[in-house]
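Novice: So here's structure_14.cif (mmCIF, C-alpha atoms).
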data_upload
loop_
_atom_site.label_atom_id
_atom_site.label_comp_id
_atom_site.auth_asym_id
_atom_site.auth_seq_id
_atom_site.Cartn_x
_atom_site.Cartn_y
_atom_site.Cartn_z
CA MET A 1065 75.88 86.84 102.67
CA SER A 1066 78.35 86.65 99.84
CA GLU A 1067 79.84 83.22 99.22
CA LEU A 1068 83.50 82.74 99.98
CA PRO A 1069 85.59 82.21 96.85
CA PRO A 1070 88.10 79.33 96.71
CA PHE A 1071 91.03 80.35 98.92
CA GLN A 1072 93.41 79.99 95.98
CA THR A 1073 91.76 83.11 94.51
CA LEU A 1074 93.01 85.14 97.48
CA ILE A 1075 96.53 83.84 96.92
CA ASP A 1076 96.43 84.49 93.18
CA GLU A 1077 95.18 88.03 93.63
CA HIS A 1078 96.84 89.23 96.82
CA ALA A 1079 100.01 87.21 97.54
CA GLY A 1080 102.15 89.94 95.97
CA ASP A 1081 100.64 92.64 98.18
CA VAL A 1082 100.96 90.53 101.32
CA MET A 1083 104.60 89.85 100.52
CA ALA A 1084 105.20 93.59 99.97
CA VAL A 1085 103.67 94.40 103.36
CA CYS A 1086 105.80 91.73 105.04
CA ARG A 1087 108.97 92.98 103.35
CA GLY A 1088 108.23 96.53 104.37
CA ALA A 1089 107.37 95.61 107.94
CA VAL A 1090 109.96 92.98 108.91
CA GLY A 1091 112.57 93.21 106.16
CA ARG A 1092 113.51 90.96 103.31
CA GLY A 1093 115.18 88.26 105.44
CA ASP A 1094 112.11 87.46 107.55
CA ALA A 1095 109.45 88.39 105.00
CA ASP A 1096 108.70 84.80 104.02
CA ASP A 1097 108.04 83.78 107.65
CA CYS A 1098 105.60 86.68 107.99
CA PHE A 1099 104.01 85.71 104.66
CA GLN A 1100 103.54 82.07 105.74
CA GLU A 1101 102.14 83.03 109.14
CA THR A 1102 99.71 85.42 107.48
CA PHE A 1103 98.27 82.93 105.03
CA ILE A 1104 98.15 80.07 107.53
CA ALA A 1105 96.23 82.29 109.98
CA ALA A 1106 93.93 83.42 107.16
CA LEU A 1107 93.35 79.83 106.03
CA ARG A 1108 92.52 78.82 109.60
CA ALA A 1109 89.93 81.59 110.00
CA TYR A 1110 88.58 81.57 106.44
CA PRO A 1111 85.56 79.21 106.61
CA LYS A 1112 84.07 81.32 109.42
CA LEU A 1113 84.70 84.67 107.78
CA ARG A 1114 81.33 86.42 107.53
CA ASP A 1115 82.07 89.16 105.08
CA ALA A 1116 83.88 88.43 101.84
CA GLY A 1117 83.58 92.09 100.84
CA ASN A 1118 87.15 93.23 101.43
CA LEU A 1119 89.37 90.15 101.41
CA ARG A 1120 92.44 92.16 100.49
CA GLY A 1121 92.04 94.49 103.47
CA TRP A 1122 91.45 91.46 105.69
CA LEU A 1123 94.70 89.81 104.54
CA ILE A 1124 96.71 93.03 104.89
CA THR A 1125 95.42 93.48 108.42
CA ILE A 1126 96.48 89.93 109.33
CA ALA A 1127 99.90 90.53 107.74
CA HIS A 1128 100.35 93.61 109.83
CA ARG A 1129 99.46 91.74 113.03
CA LYS A 1130 101.88 88.97 112.13
CA ALA A 1131 104.61 91.57 111.59
CA ILE A 1132 103.93 92.95 115.08
CA ASP A 1133 104.09 89.40 116.51
CA HIS A 1134 107.40 88.99 114.73
CA HIS A 1135 108.84 92.16 116.28
CA ARG A 1136 107.62 91.11 119.74
CA ALA A 1137 109.19 87.66 119.38
CA ARG A 1138 112.39 89.26 118.24
CA GLY A 1139 112.29 91.55 121.29
CA ARG A 1140 111.94 88.52 123.55
CA ARG A 1141 114.93 86.90 121.89
CA ALA A 1142 117.07 89.95 122.72
CA VAL A 1143 120.47 89.06 124.19
CA PRO A 1144 121.69 91.03 127.22
CA VAL A 1145 124.87 92.99 126.56
CA ALA A 1146 127.13 95.06 128.76
CA GLU A 1147 126.67 98.17 126.73
CA VAL A 1148 123.81 99.10 124.49
CA ALA A 1149 125.07 100.29 121.17
CA GLU A 1150 123.47 103.54 120.11
CA VAL A 1151 122.60 102.66 116.55
CA ALA A 1152 119.35 102.06 114.76
CA VAL A 1153 118.28 98.45 114.30
CA SER A 1154 118.98 98.84 110.65
CA ASP A 1155 121.19 101.58 109.32
CA PRO A 1156 120.31 102.10 105.70
CA GLU A 1157 122.52 103.72 103.12
CA PRO A 1158 121.15 107.03 101.85
CA GLY A 1159 119.77 106.54 98.38
CA GLY A 1160 119.67 102.76 98.84
CA ASP A 1161 116.61 100.51 98.82
CA VAL A 1162 113.74 102.66 99.98
CA TRP A 1163 112.17 99.72 101.87
CA ALA A 1164 115.35 99.31 103.89
CA VAL A 1165 114.89 102.92 105.00
CA VAL A 1166 111.23 102.24 105.73
CA GLY A 1167 112.31 99.28 107.83
CA ALA A 1168 114.30 101.62 110.05
CA LEU A 1169 111.33 103.87 110.89
CA PRO A 1170 109.64 103.66 114.31
CA PRO A 1171 106.97 100.90 114.28
CA LYS A 1172 103.82 103.01 113.83
CA GLN A 1173 105.29 105.19 111.11
CA ARG A 1174 106.73 102.14 109.38
CA ALA A 1175 103.38 100.36 109.50
CA ALA A 1176 101.49 103.38 108.22
CA VAL A 1177 103.89 103.94 105.34
CA THR A 1178 103.89 100.24 104.42
CA LEU A 1179 100.11 99.93 104.51
CA ARG A 1180 99.70 103.10 102.43
CA TYR A 1181 102.32 102.52 99.77
CA ALA A 1182 102.95 98.78 99.61
CA SER A 1183 99.28 97.92 100.03
CA ASP A 1184 97.53 101.04 98.80
CA LEU A 1185 95.15 101.06 101.77
CA PRO A 1186 93.02 104.15 102.43
CA HIS A 1187 93.53 106.02 105.73
CA ALA A 1188 90.45 104.48 107.32
CA GLU A 1189 91.75 100.95 106.70
CA ILE A 1190 95.23 101.84 107.91
CA ALA A 1191 93.60 103.13 111.08
CA ALA A 1192 91.66 99.87 111.45
CA ALA A 1193 94.81 97.81 110.91
CA LEU A 1194 96.77 99.87 113.44
CA GLY A 1195 93.91 100.10 115.93
CA CYS A 1196 94.04 103.91 116.03
CA SER A 1197 91.94 106.82 114.76
CA PRO A 1198 92.13 107.84 111.10
CA GLU A 1199 93.63 111.15 112.29
CA ALA A 1200 96.40 109.33 114.20
CA ALA A 1201 97.03 107.11 111.16
CA ARG A 1202 97.33 110.19 108.98
CA ARG A 1203 99.79 111.70 111.47
CA SER A 1204 101.96 108.55 111.58
CA LEU A 1205 102.01 108.47 107.82
CA HIS A 1206 102.95 112.14 107.63
CA GLU A 1207 105.75 111.78 110.21
CA GLY A 1208 107.03 108.66 108.48
CA LEU A 1209 107.11 110.33 105.07
CA LYS A 1210 108.82 113.42 106.48
CA ARG A 1211 111.52 111.25 107.98
CA LEU A 1212 111.89 109.23 104.76
CA ARG A 1213 112.35 112.38 102.74
CA LYS A 1214 115.12 113.47 105.12
CA GLU A 1215 116.81 110.05 105.12
CA LEU A 1216 116.69 109.67 101.36
CA ALA A 1217 117.62 113.27 100.53
CA MET B 1304 107.31 83.57 95.23
CA LYS B 1305 106.78 80.06 93.87
CA ASP B 1306 108.88 78.57 96.70
CA SER B 1307 106.83 80.50 99.24
CA LEU B 1308 103.59 79.19 97.75
CA ASP B 1309 104.85 75.59 97.64
CA ARG B 1310 105.88 75.90 101.27
CA LEU B 1311 102.47 77.33 102.13
CA ALA B 1312 100.61 74.44 100.47
CA ALA B 1313 102.81 71.87 102.25
CA ARG B 1314 102.30 73.54 105.61
CA ALA B 1315 98.55 73.96 105.10
CA SER B 1316 98.35 70.24 104.36
CA ALA B 1317 100.46 69.30 107.40
CA GLU B 1318 98.27 71.43 109.68
CA GLY B 1319 95.02 69.99 108.35
CA LEU B 1320 94.00 73.27 106.71
CA LEU B 1321 93.90 72.01 103.15
CA ASP B 1322 90.36 70.75 102.67
CA VAL B 1323 90.42 70.59 98.87
CA ALA B 1324 93.70 70.30 96.93
CA TYR B 1325 93.59 70.64 93.18
CA ALA B 1326 95.83 70.44 90.14
CA THR B 1327 95.45 70.45 86.40
CA THR B 1328 96.93 67.77 84.19
CA ASP B 1329 97.18 67.31 80.44
CA SER B 1330 95.26 64.65 78.56
CA PRO B 1331 94.90 63.82 74.86
CA PHE B 1332 91.52 65.60 75.05
CA GLY B 1333 92.76 68.77 76.76
CA PRO B 1334 93.48 69.85 80.36
CA LEU B 1335 91.74 68.03 83.22
CA LEU B 1336 91.06 69.47 86.65
CA LEU B 1337 91.65 67.07 89.54
CA ALA B 1338 90.54 67.79 93.11
CA THR B 1339 91.02 65.72 96.23
CA THR B 1340 90.03 65.83 99.89
CA SER B 1341 91.74 63.93 102.67
CA LYS B 1342 89.38 61.02 101.83
CA GLY B 1343 90.22 60.80 98.17
CA LEU B 1344 89.58 62.13 94.70
CA VAL B 1345 86.40 64.21 94.84
CA ARG B 1346 86.13 65.87 91.42
CA VAL B 1347 87.45 65.40 87.92
CA GLY B 1348 86.78 68.29 85.52
CA LEU B 1349 86.78 67.52 81.81
CA PRO B 1350 88.38 69.82 79.19
CA ASN B 1351 85.09 71.40 78.10
CA GLN B 1352 84.12 72.29 81.68
CA ASP B 1353 85.05 75.66 83.19
CA ALA B 1354 87.70 74.99 85.85
CA ASP B 1355 86.98 78.24 87.73
CA GLU B 1356 83.30 77.36 88.00
CA LEU B 1357 84.17 73.88 89.28
CA LEU B 1358 86.41 75.40 91.97
CA VAL B 1359 83.70 77.85 93.05
CA ASP B 1360 81.30 74.90 93.27
CA LEU B 1361 83.80 72.92 95.40
CA ALA B 1362 84.25 75.95 97.68
CA ALA B 1363 80.48 76.10 98.22
CA ARG B 1364 79.80 72.35 98.55
CA VAL B 1365 82.92 71.00 100.27
CA SER B 1366 84.93 73.81 101.86
CA PRO B 1367 86.26 77.23 100.83
CA ARG B 1368 89.75 76.07 101.83
CA VAL B 1369 90.58 75.20 98.24
CA LEU B 1370 94.28 75.38 97.30
CA GLU B 1371 96.30 74.50 94.25
CA ALA B 1372 98.59 71.74 95.56
CA PRO B 1373 99.75 69.49 92.72
CA ALA B 1374 101.83 67.26 94.99
CA GLN B 1375 98.60 65.96 96.57
CA LEU B 1376 97.49 64.70 93.16
CA ASP B 1377 100.67 63.02 91.95
CA GLU B 1378 99.22 59.50 92.12
CA ALA B 1379 95.97 60.44 90.34
CA ARG B 1380 97.94 62.16 87.59
CA ARG B 1381 100.27 59.19 87.24
CA GLU B 1382 97.37 56.73 86.86
CA LEU B 1383 95.55 58.95 84.37
CA ASP B 1384 98.73 59.31 82.27
CA LEU B 1385 99.05 55.52 82.18
CA TYR B 1386 95.36 55.13 81.33
CA PHE B 1387 95.63 57.49 78.36
CA ALA B 1388 98.77 55.64 77.25
CA GLY B 1389 96.71 52.41 77.22
CA GLU B 1390 98.86 50.96 80.01
CA LEU B 1391 96.36 50.98 82.86
CA THR B 1392 92.95 49.32 82.84
CA GLU B 1393 91.86 49.80 86.43
CA PHE B 1394 92.29 52.83 88.65
CA ASP B 1395 93.43 52.26 92.18
CA LEU B 1396 92.59 55.60 93.78
CA PRO B 1397 90.67 56.34 96.98
CA LEU B 1398 87.47 58.17 96.08
CA ASP B 1399 85.40 60.69 98.01
CA TRP B 1400 81.77 60.18 96.96
CA ARG B 1401 80.34 63.14 98.84
CA LEU B 1402 79.24 65.06 95.74
CA SER B 1403 76.68 62.41 94.78
CA LYS B 1404 73.81 61.24 96.94
CA ASP B 1405 71.24 58.46 97.19
CA PHE B 1406 70.22 56.83 93.91
CA ARG B 1407 72.77 58.77 91.89
CA ARG B 1408 75.55 57.45 94.09
CA LYS B 1409 74.26 53.90 93.66
CA VAL B 1410 74.30 54.41 89.90
CA LEU B 1411 77.87 55.70 90.00
CA ARG B 1412 79.00 52.78 92.14
CA ALA B 1413 77.43 50.39 89.61
CA ILE B 1414 79.25 52.21 86.81
CA ALA B 1415 82.53 52.00 88.72
CA ARG B 1416 82.28 48.19 88.41
CA ILE B 1417 82.05 48.11 84.60
CA PRO B 1418 85.35 46.58 83.47
CA TYR B 1419 87.71 48.29 81.05
CA GLY B 1420 86.78 47.77 77.40
CA GLN B 1421 83.18 46.76 78.17
CA THR B 1422 79.94 48.70 77.99
CA ARG B 1423 76.50 48.58 79.64
CA SER B 1424 73.18 50.17 78.77
CA TYR B 1425 71.47 52.79 80.93
CA THR B 1426 68.78 50.18 81.64
CA GLU B 1427 71.32 47.65 82.91
CA ILE B 1428 72.89 50.27 85.14
CA ALA B 1429 69.51 51.37 86.53
CA THR B 1430 68.77 47.72 87.32
CA ARG B 1431 72.09 47.20 89.06
CA ALA B 1432 71.51 50.35 91.07
CA GLY B 1433 68.28 48.77 92.31
CA ASN B 1434 65.54 50.34 90.18
CA GLU B 1435 65.15 49.01 86.64
CA ARG B 1436 62.54 51.63 85.77
CA ALA B 1437 64.73 54.60 86.72
CA VAL B 1438 66.52 54.69 83.37
CA ARG B 1439 66.17 58.43 82.98
CA ALA B 1440 67.50 59.00 86.53
CA ALA B 1441 70.41 56.73 85.69
CA GLY B 1442 71.10 58.92 82.68
CA THR B 1443 71.04 62.02 84.86
CA ALA B 1444 73.45 60.39 87.30
CA CYS B 1445 75.86 59.76 84.41
CA GLY B 1446 75.45 63.33 83.19
CA THR B 1447 76.27 64.75 86.61
CA ASN B 1448 79.08 62.31 87.42
CA PRO B 1449 81.59 64.28 89.54
CA LEU B 1450 84.32 61.70 88.82
CA PRO B 1451 84.31 61.02 85.06
CA LEU B 1452 87.07 58.76 83.65
CA VAL B 1453 87.73 57.22 87.07
CA VAL B 1454 84.04 56.32 87.38
CA PRO B 1455 83.76 55.36 83.71
CA CYS B 1456 80.39 56.74 82.63
CA HIS B 1457 81.74 56.74 79.06
CA ARG B 1458 81.15 52.94 79.17
CA VAL B 1459 77.38 53.45 79.47
CA LEU B 1460 75.54 53.49 76.12
CA ARG B 1461 71.93 53.62 74.98
CA SER B 1462 70.10 50.32 74.56
CA GLY B 1463 70.75 49.24 70.98
CA GLY B 1464 74.27 50.62 71.02
CA ALA B 1465 73.84 54.34 70.26
CA LEU B 1466 76.53 56.31 72.07
CA GLY B 1467 74.28 58.62 74.09
CA GLY B 1468 75.61 61.83 75.60
CA TYR B 1469 78.76 62.65 77.53
CA GLY B 1470 79.67 65.46 79.90
CA GLY B 1471 82.93 65.97 78.05
CA GLY B 1472 81.24 65.94 74.64
CA VAL B 1473 80.43 62.99 72.39
CA PRO B 1474 83.80 63.13 70.51
CA MET B 1475 85.59 62.52 73.80
CA LYS B 1476 83.31 59.58 74.60
CA GLU B 1477 84.12 58.12 71.18
CA GLY B 1478 87.82 58.72 71.75
CA LEU B 1479 87.73 56.93 75.11
CA LEU B 1480 85.82 53.95 73.71
CA ARG B 1481 88.32 53.76 70.85
CA LEU B 1482 91.20 53.87 73.35
CA GLU B 1483 89.63 50.95 75.20
CA GLY B 1484 89.11 49.00 71.98
CA VAL B 1485 85.30 49.09 72.08
CA LEU B 1486 85.09 51.12 68.90
CA GLY B 1487 87.26 50.37 65.89
#
Output the file's structure as structure tokens, nothing else.
Specialist:
Amino acid sequence: MSELPPFQTLIDEHAGDVMAVCRGAVGRGDADDCFQETFIAALRAYPKLRDAGNLRGWLITIAHRKAIDHHRARGRRAVPVAEVAEVAVSDPEPGGDVWAVVGALPPKQRAAVTLRYASDLPHAEIAAALGCSPEAARRSLHEGLKRLRKELA
Amino acid sequence: MKDSLDRLAARASAEGLLDVAYATTDSPFGPLLLATTSKGLVRVGLPNQDADELLVDLAARVSPRVLEAPAQLDEARRELDLYFAGELTEFDLPLDWRLSKDFRRKVLRAIARIPYGQTRSYTEIATRAGNERAVRAAGTACGTNPLPLVVPCHRVLRSGGALGGYGGGVPMKEGLLRLEGVLG
């Protein structure tokens, strides 16, 4: 069993990546909440972690789960309205911040794109983080990129 | 990012998830590493000791939940600053003794009672720790003191007055004894 390094090492080496995942997944405004939740959850679980082999992948996976929690909580906070407006949650400007456009993708595509390009995870790890097959992860990534190309063209 | 990390350290502390908080602080001899648990100061690293190695050791022996959280060490840093300025002769900090056991801990507790500006021999310290023949073990306890400066092992000399060794190097031991007025 490999010994766990001081937790500060994880922060020094991976805080930037975790923040990038959070920004991509929940947007700039809520990214810090997602970041805090991720590291607090990691800190809570850390002493019992058995495998220190891929700490970065472990953190990214937690960040992704926290982003999903965030979207669920936001869904629960939804306010009833008389008429549902037919617009995307976020309506990015073409040619604007690419992560704003990513933020407007459907959840699975958004997650796949974020994990691949903000976190540089291989397909197998994206699949693990999303709880789907590598083939499905590849498909989500492909669909997400296709849509991004269209939006940003 | 710095704000986020400060917030994280504060929250980790509030939720009882910060087992070892550390900070570095300047001294006339170079940077010191200070680490504390909820019980008190647990480790002081001297300038010639590798801070990364000390943190890895703390992760293995105390808890891997080791975070840089300078706010938790404000009082220790304040007292050390005053000590190096010659304005403080007795530390008033809670200590966590967990990194020393048995006879070594007894030795360190005996050393902790040596007043500022005074010295003792290894033999005297061994005697006070309850075993006058364990002079060599007393020397080892000094050499492995996890809390140098605060537990003032620099005040322990060889019988006859030779300086003996020091974890932070003999020049630092001399410097400390000069600061305390023992050496001219």
Novice: Once the PyMOL selection byres ((chain B) within 9 of (chain A)) has been applied to the shown file, what residues remain in the selection, as a compact mmCIF listing (two decimals) with C-alpha atoms, in the coordinates of the input?
Specialist:
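Dumped everything to result_38.txt:
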# COMPACT_ATOMS: atom_id res chain seq x y z
CA MET B 1304 107.31 83.57 95.23
CA SER B 1307 106.83 80.50 99.24
CA LEU B 1308 103.59 79.19 97.75
CA ARG B 1310 105.88 75.90 101.27
CA LEU B 1311 102.47 77.33 102.13
CA ARG B 1314 102.30 73.54 105.61
CA ALA B 1315 98.55 73.96 105.10
CA GLU B 1318 98.27 71.43 109.68
CA LEU B 1320 94.00 73.27 106.71
CA LEU B 1321 93.90 72.01 103.15
CA LEU B 1358 86.41 75.40 91.97
CA VAL B 1359 83.70 77.85 93.05
CA ASP B 1360 81.30 74.90 93.27
CA LEU B 1361 83.80 72.92 95.40
CA ALA B 1362 84.25 75.95 97.68
CA ALA B 1363 80.48 76.10 98.22
CA SER B 1366 84.93 73.81 101.86
CA PRO B 1367 86.26 77.23 100.83
CA ARG B 1368 89.75 76.07 101.83
CA VAL B 1369 90.58 75.20 98.24
CA LEU B 1370 94.28 75.38 97.30
CA GLU B 1371 96.30 74.50 94.25
Novice: Care to translate the PyMOL selection byres ((chain B and resi 1477) around 12) into actual residues of this file, as a list of chain:residue names?
Specialist: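 Here the PyMOL selection byres ((chain B and resi 1477) around 12) matches B:Phe1332, B:His1457, B:Arg1458, B:Val1459, B:Leu1460, B:Ala1465, B:Leu1466, B:Gly1467, B:Gly1468, B:Tyr1469, B:Gly1471, B:Gly1472, B:Val1473, B:Pro1474, B:Met1475, B:Lys1476, B:Gly1478, B:Leu1479, B:Leu1480, B:Arg1481, B:Leu1482, B:Glu1483, B:Gly1484, B:Val1485, B:Leu1486, B:Gly1487.
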Novice: Neighbours of Val1166 of chain A within 10 Å (only C-alpha atoms; same-chain residues fewer than 3 positions away dropped), as a tab-separated table (two decimals) with C-alpha atoms, keeping the file's coordinate frame?
Specialist:
chain	number	residue	atom	x	y	z
A	1087	ARG	CA	108.97	92.98	103.35
A	1088	GLY	CA	108.23	96.53	104.37
A	1089	ALA	CA	107.37	95.61	107.94
A	1090	VAL	CA	109.96	92.98	108.91
A	1091	GLY	CA	112.57	93.21	106.16
A	1154	SER	CA	118.98	98.84	110.65
A	1156	PRO	CA	120.31	102.10	105.70
A	1161	ASP	CA	116.61	100.51	98.82
A	1162	VAL	CA	113.74	102.66	99.98
A	1163	TRP	CA	112.17	99.72	101.87
A	1169	LEU	CA	111.33	103.87	110.89
A	1170	PRO	CA	109.64	103.66	114.31
A	1171	PRO	CA	106.97	100.90	114.28
A	1173	GLN	CA	105.29	105.19	111.11
A	1174	ARG	CA	106.73	102.14	109.38
A	1175	ALA	CA	103.38	100.36	109.50
A	1177	VAL	CA	103.89	103.94	105.34
A	1178	THR	CA	103.89	100.24	104.42
A	1208	GLY	CA	107.03	108.66	108.48
A	1209	LEU	CA	107.11	110.33	105.07
A	1211	ARG	CA	111.52	111.25	107.98
A	1212	LEU	CA	111.89	109.23	104.76
A	1215	GLU	CA	116.81	110.05	105.12
Novice: Taking the file above as input, evaluate the PyMOL selection byres ((chain B and resi 1346) around 7) and report the hits as an mmCIF file with C-alpha atoms, keeping the file's coordinate frame.
Specialist:
data_model
loop_
_atom_site.group_PDB
_atom_site.id
_atom_site.type_symbol
_atom_site.label_atom_id
_atom_site.label_comp_id
_atom_site.auth_asym_id
_atom_site.auth_seq_id
_atom_site.Cartn_x
_atom_site.Cartn_y
_atom_site.Cartn_z
ATOM 1 C CA LEU B 1337 91.650 67.070 89.540
ATOM 2 C CA ALA B 1338 90.540 67.790 93.110
ATOM 3 C CA THR B 1339 91.020 65.720 96.230
ATOM 4 C CA LEU B 1344 89.580 62.130 94.700
ATOM 5 C CA VAL B 1345 86.400 64.210 94.840
ATOM 6 C CA VAL B 1347 87.450 65.400 87.920
ATOM 7 C CA GLY B 1348 86.780 68.290 85.520
ATOM 8 C CA PRO B 1449 81.590 64.280 89.540
ATOM 9 C CA LEU B 1450 84.320 61.700 88.820
#
Novice: Work out how far atom CA of Leu1411 of chain B is from atom CA of Gly1470 of chain B, in Å to one decimal.
Specialist: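 If I compute the distance from atom CA of Gly1470 of chain B to atom CA of Leu1411 of chain B, I get 14.2 Å.
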